[in-house]
file work26.tsv (TSV, C-alpha atoms and all ligand atoms)
chain	number	residue	atom	x	y	z
J	17	MET	CA	4.12	18.96	21.93
J	18	SER	CA	2.42	17.97	18.67
J	19	LEU	CA	3.77	15.07	16.64
J	20	LEU	CA	3.91	17.64	13.82
J	21	ASP	CA	6.81	19.30	15.65
J	22	ALA	CA	9.07	16.26	15.37
J	23	PRO	CA	11.93	17.39	13.10
J	24	GLN	CA	11.70	14.41	10.72
J	25	VAL	CA	7.94	15.01	10.33
J	26	ARG	CA	8.49	18.68	9.57
J	27	ARG	CA	11.10	17.80	6.93
J	28	PHE	CA	8.75	15.34	5.24
J	29	LEU	CA	5.75	17.69	5.24
J	30	ALA	CA	7.92	20.48	3.83
J	31	LEU	CA	9.11	18.12	1.09
J	32	THR	CA	5.68	17.05	-0.19
J	33	GLY	CA	3.44	19.91	0.97
J	34	GLN	CA	0.84	17.70	2.68
J	35	ARG	CA	-0.55	18.72	6.09
J	36	LEU	CA	-0.50	15.40	7.98
J	37	PRO	CA	2.18	12.66	7.95
J	38	VAL	CA	-0.29	9.93	7.00
J	39	MET	CA	-0.03	8.20	3.63
J	40	GLN	CA	-2.57	5.89	2.05
J	41	ALA	CA	-0.57	3.02	0.55
J	42	PRO	CA	-1.03	2.25	-3.16
J	43	VAL	CA	-3.49	-0.59	-2.55
J	44	GLY	CA	-3.68	-1.99	-6.10
J	45	SER	CA	-7.12	-1.88	-7.70
J	46	ALA	CA	-8.65	-0.70	-4.38
J	47	ALA	CA	-6.87	2.66	-4.76
J	48	SER	CA	-9.67	4.51	-6.57
J	49	PRO	CA	-9.50	8.19	-7.54
J	50	ALA	CA	-12.20	8.80	-4.90
J	51	LEU	CA	-10.06	7.22	-2.18
J	52	ALA	CA	-6.94	9.13	-3.19
J	53	ALA	CA	-8.95	12.37	-3.30
J	54	ALA	CA	-10.53	11.84	0.13
J	55	VAL	CA	-7.19	11.13	1.81
J	56	ALA	CA	-5.53	14.12	0.14
J	57	ARG	CA	-8.47	16.39	1.00
J	58	ALA	CA	-8.12	15.46	4.68
J	59	GLY	CA	-4.44	16.45	4.62
J	60	GLY	CA	-2.81	13.07	4.05
J	61	LEU	CA	-1.00	11.74	0.98
J	62	GLY	CA	-3.51	9.95	-1.23
J	63	GLY	CA	-2.60	8.05	-4.33
J	64	LEU	CA	-3.11	5.61	-7.14
J	65	ALA	CA	-1.48	2.24	-7.86
J	66	ILE	CA	-1.08	3.09	-11.50
J	67	THR	CA	1.29	0.37	-12.76
J	68	TRP	CA	-1.28	-1.57	-14.76
J	69	THR	CA	-3.25	1.33	-16.26
J	70	GLY	CA	-2.78	2.53	-19.85
J	71	PRO	CA	-1.38	6.04	-20.48
J	72	ALA	CA	-4.71	7.74	-21.29
J	73	ASP	CA	-6.61	6.07	-18.45
J	74	SER	CA	-3.80	6.95	-16.03
J	75	ALA	CA	-4.01	10.62	-16.88
J	76	GLU	CA	-7.80	10.50	-16.52
J	77	ALA	CA	-7.62	8.77	-13.12
J	78	ILE	CA	-5.17	11.39	-11.85
J	79	ARG	CA	-7.37	14.17	-13.21
J	80	ARG	CA	-10.39	12.73	-11.37
J	81	ALA	CA	-8.46	12.33	-8.13
J	82	GLY	CA	-7.22	15.90	-8.47
J	83	GLU	CA	-10.77	17.20	-8.88
J	84	GLY	CA	-11.80	15.82	-5.49
J	85	ALA	CA	-8.53	16.49	-3.68
J	86	GLU	CA	-9.24	20.20	-3.15
J	87	GLY	CA	-5.58	21.14	-3.35
J	88	GLY	CA	-4.38	18.14	-1.30
J	89	VAL	CA	-1.30	16.20	-2.34
J	90	LEU	CA	-1.49	13.11	-4.56
J	91	PHE	CA	1.01	10.44	-5.54
J	92	ALA	CA	1.27	7.76	-8.20
J	93	ASN	CA	2.93	4.42	-7.48
J	94	PHE	CA	4.80	2.20	-9.92
J	95	VAL	CA	5.73	-1.41	-9.20
J	96	LEU	CA	8.96	-1.69	-11.15
J	97	HIS	CA	8.70	-5.46	-11.62
J	98	PHE	CA	6.20	-4.63	-14.40
J	99	PRO	CA	6.80	-2.59	-17.62
J	100	CYS	CA	5.17	0.70	-16.40
J	101	GLU	CA	4.48	1.86	-19.96
J	102	ASN	CA	2.49	4.83	-18.64
J	103	PHE	CA	5.44	6.35	-16.76
J	104	GLU	CA	5.84	9.40	-19.03
J	105	ALA	CA	2.08	9.97	-19.29
J	106	VAL	CA	1.81	10.02	-15.50
J	107	LEU	CA	4.72	12.47	-15.12
J	108	ALA	CA	3.14	14.69	-17.77
J	109	THR	CA	0.14	15.23	-15.49
J	110	GLY	CA	2.38	17.12	-13.07
J	111	ILE	CA	1.72	14.67	-10.23
J	112	PRO	CA	3.67	16.05	-7.25
J	113	VAL	CA	4.83	12.75	-5.73
J	114	VAL	CA	5.86	9.43	-7.30
J	115	THR	CA	6.57	6.26	-5.33
J	116	LEU	CA	8.43	3.22	-6.62
J	117	SER	CA	8.41	-0.27	-5.22
J	118	TRP	CA	9.89	-3.67	-6.10
J	119	GLY	CA	12.95	-2.18	-7.73
J	120	ILE	CA	15.33	0.75	-7.54
J	121	ASP	CA	15.94	2.54	-10.80
J	122	ALA	CA	18.17	5.62	-10.71
J	123	GLY	CA	17.13	6.54	-14.27
J	124	ARG	CA	13.44	6.62	-13.40
J	125	ILE	CA	14.09	8.49	-10.15
J	126	ASP	CA	16.08	11.12	-12.04
J	127	ARG	CA	13.42	11.38	-14.76
J	128	ALA	CA	10.61	11.84	-12.21
J	129	LYS	CA	12.60	14.45	-10.31
J	130	ARG	CA	13.34	16.36	-13.52
J	131	ALA	CA	9.58	16.35	-14.19
J	132	GLY	CA	9.15	18.09	-10.81
J	133	ALA	CA	8.01	15.16	-8.66
J	134	ARG	CA	9.33	14.14	-5.26
J	135	VAL	CA	10.23	10.48	-5.31
J	136	GLY	CA	9.72	7.92	-2.53
J	137	VAL	CA	11.06	4.38	-2.72
J	138	GLN	CA	9.61	1.48	-0.69
J	139	VAL	CA	12.32	-0.82	0.65
J	140	GLY	CA	12.36	-3.99	2.74
J	141	ASN	CA	15.89	-4.01	4.13
J	142	ALA	CA	18.93	-1.85	4.89
J	143	ALA	CA	20.66	-2.69	1.61
J	144	GLY	CA	17.60	-1.47	-0.31
J	145	ALA	CA	17.63	1.75	1.72
J	146	ARG	CA	21.31	2.34	0.92
J	147	LYS	CA	20.71	1.73	-2.77
J	148	ALA	CA	17.60	3.93	-2.92
J	149	ARG	CA	19.41	6.80	-1.26
J	150	ALA	CA	22.37	6.47	-3.63
J	151	ALA	CA	19.92	6.39	-6.56
J	152	GLY	CA	18.52	9.80	-5.55
J	153	ALA	CA	15.30	9.04	-3.65
J	154	ASP	CA	13.79	12.00	-1.76
J	155	PHE	CA	12.26	9.79	0.93
J	156	LEU	CA	12.05	6.12	1.84
J	157	ILE	CA	9.22	3.83	2.93
J	158	ALA	CA	10.28	0.97	5.20
J	159	GLN	CA	7.87	-1.92	4.57
J	160	GLY	CA	7.88	-4.40	7.45
J	161	VAL	CA	6.90	-8.05	7.10
J	162	GLU	CA	3.54	-7.23	8.74
J	163	ALA	CA	2.36	-5.48	5.55
J	164	GLY	CA	-0.66	-6.51	3.53
J	165	GLY	CA	-0.26	-7.17	-0.19
J	166	HIS	CA	3.01	-8.24	-1.80
J	167	VAL	CA	5.75	-8.07	0.80
J	168	GLN	CA	9.39	-7.37	0.05
J	169	SER	CA	10.58	-7.64	3.64
J	170	THR	CA	11.35	-10.54	5.95
J	171	THR	CA	11.91	-8.23	8.95
J	172	PRO	CA	9.37	-6.90	11.47
J	173	LEU	CA	8.89	-3.15	11.21
J	174	ALA	CA	10.22	-2.49	14.75
J	175	ALA	CA	13.61	-3.92	13.68
J	176	LEU	CA	13.54	-2.70	10.08
J	177	LEU	CA	12.80	0.96	10.82
J	178	PRO	CA	16.00	1.65	12.81
J	179	ALA	CA	18.06	-0.20	10.19
J	180	VAL	CA	16.54	1.88	7.39
J	181	LEU	CA	16.88	5.12	9.40
J	182	GLN	CA	20.56	4.40	9.82
J	183	GLU	CA	21.07	4.18	6.05
J	184	ALA	CA	18.73	7.07	5.24
J	185	GLY	CA	20.92	9.89	6.56
J	186	ASP	CA	18.76	13.00	6.40
J	187	LEU	CA	16.10	11.47	4.11
J	188	PRO	CA	12.68	11.13	5.75
J	189	VAL	CA	11.59	7.51	6.31
J	190	LEU	CA	7.93	6.49	6.48
J	191	ALA	CA	6.89	3.32	8.31
J	192	ALA	CA	4.60	0.73	6.64
J	193	GLY	CA	3.23	-2.63	7.67
J	194	GLY	CA	0.56	-3.55	10.20
J	195	ILE	CA	-0.27	0.06	11.14
J	196	ALA	CA	-4.01	0.68	11.53
J	197	THR	CA	-4.48	2.96	14.55
J	198	GLY	CA	-3.53	6.44	15.68
J	199	ALA	CA	-1.51	4.93	18.53
J	200	ALA	CA	0.53	2.88	16.04
J	201	ILE	CA	1.14	6.01	13.94
J	202	ALA	CA	2.35	7.83	17.08
J	203	ARG	CA	4.64	4.91	17.99
J	204	ALA	CA	6.18	4.91	14.49
J	205	ILE	CA	6.88	8.65	14.71
J	206	GLY	CA	8.22	8.16	18.23
J	207	ALA	CA	10.64	5.60	16.79
J	208	GLY	CA	11.97	8.10	14.24
J	209	ALA	CA	9.61	7.69	11.29
J	210	ALA	CA	8.55	10.84	9.44
J	211	GLY	CA	5.05	9.43	9.04
J	212	ALA	CA	3.07	6.25	8.56
J	213	VAL	CA	1.76	4.39	5.51
J	214	LEU	CA	-1.51	2.49	5.92
J	215	GLY	CA	-2.76	0.11	3.25
J	216	THR	CA	-5.21	-2.43	4.63
J	217	ARG	CA	-6.89	0.18	6.85
J	218	PHE	CA	-7.74	2.24	3.74
J	219	VAL	CA	-9.15	-0.76	1.85
J	220	ALA	CA	-11.90	-0.81	4.51
J	221	THR	CA	-13.20	2.61	3.52
J	222	ARG	CA	-16.28	3.67	1.64
J	223	GLU	CA	-14.28	5.02	-1.30
J	224	ALA	CA	-11.96	2.03	-1.83
J	225	SER	CA	-12.64	0.08	-4.98
J	226	ALA	CA	-12.91	-3.29	-3.20
J	227	HIS	CA	-15.86	-5.69	-3.13
J	228	ASP	CA	-18.14	-5.22	-0.09
J	229	ASP	CA	-17.55	-8.84	1.00
J	230	TYR	CA	-13.77	-8.17	1.02
J	231	LYS	CA	-14.30	-5.05	3.16
J	232	ALA	CA	-16.62	-7.02	5.48
J	233	ALA	CA	-13.98	-9.77	5.81
J	234	LEU	CA	-11.43	-7.14	6.86
J	235	VAL	CA	-13.80	-5.78	9.51
J	236	ALA	CA	-14.55	-9.30	10.81
J	237	ALA	CA	-10.93	-10.52	10.89
J	238	GLY	CA	-8.78	-10.76	14.00
J	239	SER	CA	-5.10	-9.87	14.23
J	240	GLY	CA	-4.05	-13.51	13.88
J	241	ASP	CA	-6.01	-14.12	10.69
J	242	THR	CA	-3.36	-13.09	8.15
J	243	VAL	CA	-0.75	-15.33	6.54
J	244	LEU	CA	2.35	-14.52	4.50
J	245	THR	CA	2.22	-17.01	1.67
J	246	GLY	CA	3.14	-17.84	-1.90
J	247	CYS	CA	-0.34	-19.31	-2.47
J	248	PHE	CA	-1.89	-16.54	-4.60
J	249	ASN	CA	0.83	-16.25	-7.20
J	250	LEU	CA	-1.03	-16.38	-10.55
J	251	GLY	CA	-0.11	-13.04	-12.10
J	252	TRP	CA	3.15	-12.57	-10.20
J	253	PRO	CA	5.05	-15.81	-9.52
J	254	ASP	CA	7.81	-16.25	-6.91
J	255	THR	CA	6.50	-13.60	-4.54
J	256	GLN	CA	5.05	-13.69	-1.05
J	257	SER	CA	1.93	-11.79	-0.14
J	258	ARG	CA	0.08	-11.30	3.12
J	259	VAL	CA	-3.58	-12.25	2.89
J	260	LEU	CA	-6.54	-13.31	5.01
J	261	ARG	CA	-6.70	-17.04	5.61
J	262	ASN	CA	-9.53	-18.60	3.58
J	263	ASP	CA	-10.60	-21.96	2.17
J	264	THR	CA	-8.35	-21.70	-0.90
J	265	LEU	CA	-5.27	-21.20	1.28
J	266	THR	CA	-6.23	-23.84	3.87
J	267	GLU	CA	-6.92	-26.54	1.25
J	268	TRP	CA	-3.67	-25.74	-0.56
J	269	GLU	CA	-1.71	-26.00	2.70
J	270	SER	CA	-3.48	-29.23	3.67
J	271	GLU	CA	-2.17	-30.81	0.43
J	272	GLY	CA	1.39	-29.71	1.24
J	273	CYS	CA	1.48	-26.44	-0.73
J	274	PRO	CA	1.92	-28.04	-4.20
J	275	GLN	CA	3.12	-26.00	-7.18
J	276	ALA	CA	1.01	-25.18	-10.26
J	277	PRO	CA	-0.59	-26.90	-12.07
J	278	GLY	CA	-1.17	-29.54	-9.40
J	279	ARG	CA	-3.00	-27.42	-6.81
J	280	PRO	CA	-6.45	-28.28	-5.46
J	281	GLY	CA	-9.15	-26.58	-7.51
J	282	GLU	CA	-6.61	-25.41	-10.10
J	283	GLY	CA	-8.43	-23.75	-12.99
J	284	ASP	CA	-11.66	-23.12	-11.04
J	285	ILE	CA	-13.10	-19.69	-11.63
J	286	VAL	CA	-13.53	-17.98	-8.23
J	287	PHE	CA	-15.16	-14.82	-9.49
J	288	ARG	CA	-16.04	-12.92	-12.64
J	289	VAL	CA	-16.02	-9.21	-13.36
J	290	GLY	CA	-18.06	-8.72	-16.52
J	291	GLU	CA	-16.34	-10.82	-19.18
J	292	VAL	CA	-13.20	-11.37	-17.13
J	293	ALA	CA	-12.91	-14.70	-15.31
J	294	VAL	CA	-10.52	-14.77	-12.35
J	295	PRO	CA	-9.14	-18.23	-11.51
J	296	ARG	CA	-8.31	-19.67	-8.09
J	297	TYR	CA	-4.76	-18.70	-7.01
J	298	SER	CA	-4.93	-15.43	-8.96
J	299	ASP	CA	-3.35	-12.42	-7.23
J	300	THR	CA	-6.35	-10.29	-8.31
J	301	ALA	CA	-8.35	-8.93	-5.37
J	302	PRO	CA	-12.14	-8.70	-5.83
J	303	VAL	CA	-13.47	-5.33	-6.96
J	304	PRO	CA	-17.05	-3.99	-6.77
J	305	GLY	CA	-19.26	-5.80	-9.27
J	306	ALA	CA	-17.33	-9.08	-8.94
J	307	VAL	CA	-19.64	-12.11	-8.84
J	308	GLY	CA	-18.68	-15.47	-7.35
J	309	ALA	CA	-16.90	-16.90	-4.31
J	310	ILE	CA	-15.43	-13.59	-3.18
J	311	ARG	CA	-14.15	-14.92	0.14
J	312	SER	CA	-12.18	-17.68	-1.62
J	313	ALA	CA	-10.21	-15.10	-3.60
J	314	CYS	CA	-6.98	-13.32	-2.73
J	315	LEU	CA	-7.89	-10.94	0.12
J	316	TYR	CA	-4.78	-8.93	0.94
J	317	ALA	CA	-4.47	-7.84	4.56
J	318	GLY	CA	-1.75	-6.73	6.95
J	319	THR	CA	-1.46	-7.73	10.59
J	320	GLY	CA	-3.21	-4.55	11.74
J	321	VAL	CA	-6.49	-5.90	10.33
J	322	GLY	CA	-7.73	-6.84	13.82
J	323	GLU	CA	-7.95	-3.13	14.65
J	324	ILE	CA	-10.46	-2.39	11.87
J	325	ALA	CA	-13.93	-2.09	13.37
J	326	ALA	CA	-15.91	-0.50	10.55
J	327	VAL	CA	-15.88	0.66	6.94
J	328	GLU	CA	-15.46	4.44	7.22
J	329	PRO	CA	-15.35	7.43	4.88
J	330	ALA	CA	-11.64	7.90	4.15
J	331	ASP	CA	-11.47	11.62	4.96
J	332	GLU	CA	-13.09	11.08	8.36
J	333	LEU	CA	-10.73	8.16	8.94
J	334	VAL	CA	-7.65	10.30	8.30
J	335	ARG	CA	-8.90	12.96	10.69
J	336	ARG	CA	-9.81	10.40	13.39
J	337	LEU	CA	-6.49	8.57	13.08
J	338	TRP	CA	-4.63	11.84	13.44
J	339	ARG	CA	-6.63	12.94	16.49
J	340	GLU	CA	-5.91	9.56	18.08
J	341	ALA	CA	-2.23	9.74	17.17
J	342	GLU	CA	-1.90	13.14	18.82
J	343	ALA	CA	-3.75	11.88	21.89
J	344	ALA	CA	-1.68	8.70	22.19
J	345	ASP	CA	1.13	8.38	24.65
J	346	GLY	CA	3.69	7.35	22.06
J	347	GLY	CA	5.88	4.71	23.64
J	348	ARG	CA	7.72	1.83	22.06
J	349	MET	CA	6.92	0.08	18.79
J	350	ASN	CA	6.27	-3.58	19.36
J	401	LIG	C1	-4.81	-4.56	-1.28
J	401	LIG	C2	-3.36	-4.14	-1.32
J	401	LIG	C3	-2.77	-3.85	-2.55
J	401	LIG	C4	-1.44	-3.40	-2.61
J	401	LIG	N1	-0.91	-3.04	-3.81
J	401	LIG	C5	0.29	-2.43	-3.85
J	401	LIG	C6	0.78	-1.83	-5.05
J	401	LIG	O1	0.10	-1.83	-6.08
J	401	LIG	N2	2.00	-1.24	-5.03
J	401	LIG	C7	2.77	-1.21	-3.89
J	401	LIG	O2	3.86	-0.66	-3.91
J	401	LIG	N3	2.33	-1.75	-2.74
J	401	LIG	C8	1.12	-2.34	-2.68
J	401	LIG	N4	0.66	-2.84	-1.48
J	401	LIG	C9	1.51	-2.77	-0.26
J	401	LIG	C10	1.49	-1.37	0.33
J	401	LIG	O3	2.33	-0.50	-0.42
J	401	LIG	C11	1.97	-1.30	1.80
J	401	LIG	O4	3.30	-1.72	1.92
J	401	LIG	C12	1.10	-2.09	2.77
J	401	LIG	O5	-0.27	-1.94	2.48
J	401	LIG	C13	1.36	-1.65	4.21
J	401	LIG	O6	0.86	-2.57	5.11
J	401	LIG	P1	-0.65	-2.57	5.70
J	401	LIG	O7	-1.50	-3.09	4.60
J	401	LIG	O8	-0.54	-3.52	6.85
J	401	LIG	O9	-0.97	-1.18	6.10
J	401	LIG	C14	-0.67	-3.30	-1.41
J	401	LIG	C15	-1.27	-3.62	-0.17
J	401	LIG	C16	-2.61	-4.02	-0.11
J	401	LIG	C17	-3.22	-4.31	1.24

call {"tool": "encode", "arguments": {"input": "work26.tsv", "output": "structure tokens", "more": "lines below"}}
Ligand SMILES: Cc1cc2nc3c(=O)[nH]c(=O)nc-3n(C[C@H](O)[C@H](O)[C@H](O)COP(=O)(O)O)c2cc1C
result
Amino acid sequence: MSLLDAPQVRRFLALTGQRLPVMQAPVGSAASPALAAAVARAGGLGGLAITWTGPADSAEAIRRAGEGAEGGVLFANFVLHFPCENFEAVLATGIPVVTLSWGIDAGRIDRAKRAGARVGVQVGNAAGARKARAAGADFLIAQGVEAGGHVQSTTPLAALLPAVLQEAGDLPVLAAGGIATGAAIARAIGAGAAGAVLGTRFVATREASAHDDYKAALVAAGSGDTVLTGCFNLGWPDTQSRVLRNDTLTEWESEGCPQAPGRPGEGDIVFRVGEVAVPRYSDTAPVPGAVGAIRSACLYAGTGVGEIAAVEPADELVRRLWREAEAADGGRMN
């Protein structure tokens, strides 16, 4: 039997119209239109982390992704901690799927649905799942503590997923956090997920808008090389993010994790992108064209990073992951 025959997978694919239950997470600045297009073209759900983009640029990025998507399904993600001033401009493009994270806003969910979009909400615990369902979400994303980037959850995915499924009723639930292989996708579906969301794995693709040294660090890293920390909090204080261990983090820890402005190397510029200088402890990940100490910057990564063996074209990656998921035995999440 194909994983595509699982009832929860069928429901999710019917909801969004994509062919495969694989979603590329909204990986901040790394989520380029080319990446979103490649994932969508291969049958997955590809998308843009559009929170920090102005209205006109947002519409242009979605247009460019749509051009390469060849009819595949795209989403736009909003991190509700920030103002999201482009919300209406993004809906006006007719984007078929919107995802929300770091907040549950019934008004925005209703507005997006009235504009014709399906709405997914990323949650980190059962209470969030209950609230998102009550607020009208069409599907949920359970983000386990293994996830790369900013992490809402304190619970491992294997424990979080059943708790979220219990609250979700008949809403499809996607699993996120530490997933980087076809076997892990199969395990998530075997545990009741309607699909899997992969972030870090898609940063290490040809199309991702991440600096080559960041991609190389992901390929070189082992599974024990990530840390959930409040170290890189310039830009978004009081949050935890999962990153690769590097010299900035190790020196900060060795001084007892002091608060700003008393941190070692505070105010140093770690890299520059054109005129923009990015200081140590910034939550900005290095993009192509960045110049400086790239490996000392904030390099987001989930615990699945040890499974990444190469930088691959994203469409080939989606197809390979799916072949491997179908070939996997399934079995328990661990
Ligand atoms: C580089 C990077 C940037 C991210 N930026 C966002 C974002 O803008 N919005 C969001 O909702 N999640 C963001 N996330 C978290 C993802 O939505 C997702 O939960 C996570 O990538 C899943 O874990 P994985 O990286 O282990 O696959 C980001 C993750 C990474 C790795």

call {"tool": "atom_distance", "arguments": {"input": "work26.tsv", "atom1": "CA of Ala54 in chain J", "atom2": "CA of Trp338 in chain J"}}
result
14.6 Å

call {"tool": "residues_near_ligand", "arguments": {"input": "work26.tsv", "ligand": "ligand LIG 401 (chain J)", "cutoff": "6 Å", "atoms": "all atoms listed in the file", "output": "ChimeraX atom specification"}}
result
/J:41-44,65,95,117,159,162-166,192-195,214-216,316-320

call {"tool": "residues_around", "arguments": {"input": "work26.tsv", "residues": "Asp73 in chain J", "least_positions_apart": "6", "cutoff": "10 Å", "atoms": "only C-alpha atoms", "output": "PyMOL selection string"}}
result
chain J and resi 66+79+102+105-106

call {"tool": "closest_residue", "arguments": {"input": "work26.tsv", "among": "J:Asp186, J:Asp331, J:Glu282, J:Glu269", "to": "Ala85 in chain J", "atoms": "only C-alpha atoms"}}
result
J:Asp331

call {"tool": "residues_around", "arguments": {"input": "work26.tsv", "residues": "range 170-180 of chain J", "least_positions_apart": "3", "cutoff": "10 Å", "atoms": "only C-alpha atoms", "output": "number ranges by chain"}}
result
J: 139-146, 156-163, 167, 183-185, 189-195, 203-204, 207-209, 244, 256, 348-350

call {"tool": "atom_distance", "arguments": {"input": "work26.tsv", "atom1": "CA of Ile111 in chain J", "atom2": "CA of Gly62 in chain J"}}
result
11.4 Å

call {"tool": "residues_around", "arguments": {"input": "work26.tsv", "residues": "Val114 in chain J", "least_positions_apart": "3", "cutoff": "9 Å", "atoms": "all atoms listed in the file", "output": "VMD selection string"}}
result
chain J and resid 90 to 94 107 111 125 128 to 129 133 to 137

call {"tool": "residues_around", "arguments": {"input": "work26.tsv", "residues": "range 29-39 of chain J", "least_positions_apart": "4", "cutoff": "6 Å", "atoms": "only C-alpha atoms", "output": "PyMOL selection string"}}
result
chain J and resi 59-61+89+211-213

call {"tool": "write_last_selection", "arguments": {"input": "work26.tsv", "atoms": "C-alpha atoms", "output": "JSON list (two decimals), keeping the file's coordinate frame"}}
result
[["chain", "number", "residue", "atom", "x", "y", "z"],
["J", 59, "GLY", "CA", -4.44, 16.45, 4.62],
["J", 60, "GLY", "CA", -2.81, 13.07, 4.05],
["J", 61, "LEU", "CA", -1.00, 11.74, 0.98],
["J", 89, "VAL", "CA", -1.30, 16.20, -2.34],
["J", 211, "GLY", "CA", 5.05, 9.43, 9.04],
["J", 212, "ALA", "CA", 3.07, 6.25, 8.56],
["J", 213, "VAL", "CA", 1.76, 4.39, 5.51]]

call {"tool": "residues_around", "arguments": {"input": "work26.tsv", "residues": "Gly290 in chain J", "least_positions_apart": "6", "cutoff": "12 Å", "atoms": "only C-alpha atoms", "output": "list in words"}}
result
Val303, Pro304, Gly305, Ala306, Val307 and Gly308 of chain J

call {"tool": "atom_distance", "arguments": {"input": "work26.tsv", "atom1": "CA of Leu116 in chain J", "atom2": "CA of Leu96 in chain J"}}
result
6.7 Å

call {"tool": "closest_residue", "arguments": {"input": "work26.tsv", "among": "J:Ala148, J:Ala77, J:Asp263, J:Ser239", "to": "Leu187 in chain J", "atoms": "only C-alpha atoms"}}
result
J:Ala148

call {"tool": "closest_residue", "arguments": {"input": "work26.tsv", "among": "J:Gln40, J:Ser169, J:Gln275, J:Ser225", "to": "Pro302 in chain J", "atoms": "only C-alpha atoms"}}
result
J:Ser225

call {"tool": "closest_residue", "arguments": {"input": "work26.tsv", "among": "J:Ala150, J:Ile285, J:Ala309, J:Ala72", "to": "Gly123 in chain J", "atoms": "only C-alpha atoms"}}
result
J:Ala150

call {"tool": "build_atoms", "arguments": {"input": "work26.tsv", "residues": "range 84-97 of chain J", "atoms": "N, CA, C and O atoms", "output": "compact mmCIF listing (two decimals), in the frame of the given file"}}
result
# COMPACT_ATOMS: atom_id res chain seq x y z
N GLY J 84 -11.23 15.97 -6.83
CA GLY J 84 -11.80 15.82 -5.49
C GLY J 84 -10.83 16.15 -4.38
O GLY J 84 -11.21 16.18 -3.20
N ALA J 85 -9.57 16.36 -4.72
CA ALA J 85 -8.53 16.49 -3.68
C ALA J 85 -8.51 17.87 -3.04
O ALA J 85 -7.90 18.06 -1.99
N GLU J 86 -9.16 18.83 -3.68
CA GLU J 86 -9.24 20.20 -3.15
C GLU J 86 -7.88 20.75 -2.73
O GLU J 86 -7.71 21.27 -1.63
N GLY J 87 -6.91 20.58 -3.61
CA GLY J 87 -5.58 21.14 -3.35
C GLY J 87 -4.69 20.24 -2.52
O GLY J 87 -3.52 20.56 -2.29
N GLY J 88 -5.20 19.09 -2.05
CA GLY J 88 -4.38 18.14 -1.30
C GLY J 88 -3.36 17.47 -2.21
O GLY J 88 -3.41 17.61 -3.44
N VAL J 89 -2.46 16.74 -1.59
CA VAL J 89 -1.30 16.20 -2.34
C VAL J 89 -1.55 14.74 -2.73
O VAL J 89 -1.95 13.91 -1.90
N LEU J 90 -1.27 14.45 -4.00
CA LEU J 90 -1.49 13.11 -4.56
C LEU J 90 -0.18 12.48 -4.99
O LEU J 90 0.77 13.18 -5.36
N PHE J 91 -0.15 11.15 -5.00
CA PHE J 91 1.01 10.44 -5.54
C PHE J 91 0.54 9.36 -6.51
O PHE J 91 -0.62 8.95 -6.50
N ALA J 92 1.50 8.92 -7.33
CA ALA J 92 1.27 7.76 -8.20
C ALA J 92 2.37 6.76 -7.92
O ALA J 92 3.53 7.12 -7.80
N ASN J 93 1.97 5.48 -7.80
CA ASN J 93 2.93 4.42 -7.48
C ASN J 93 3.17 3.52 -8.69
O ASN J 93 2.24 3.13 -9.39
N PHE J 94 4.43 3.17 -8.89
CA PHE J 94 4.80 2.20 -9.92
C PHE J 94 5.50 1.02 -9.27
O PHE J 94 6.44 1.20 -8.48
N VAL J 95 5.06 -0.19 -9.63
CA VAL J 95 5.73 -1.41 -9.20
C VAL J 95 6.70 -1.78 -10.32
O VAL J 95 6.29 -2.20 -11.41
N LEU J 96 7.98 -1.63 -10.06
CA LEU J 96 8.96 -1.69 -11.15
C LEU J 96 9.21 -3.10 -11.69
O LEU J 96 9.92 -3.26 -12.68
N HIS J 97 8.62 -4.11 -11.05
CA HIS J 97 8.70 -5.46 -11.62
C HIS J 97 7.99 -5.53 -12.98
O HIS J 97 8.29 -6.36 -13.81
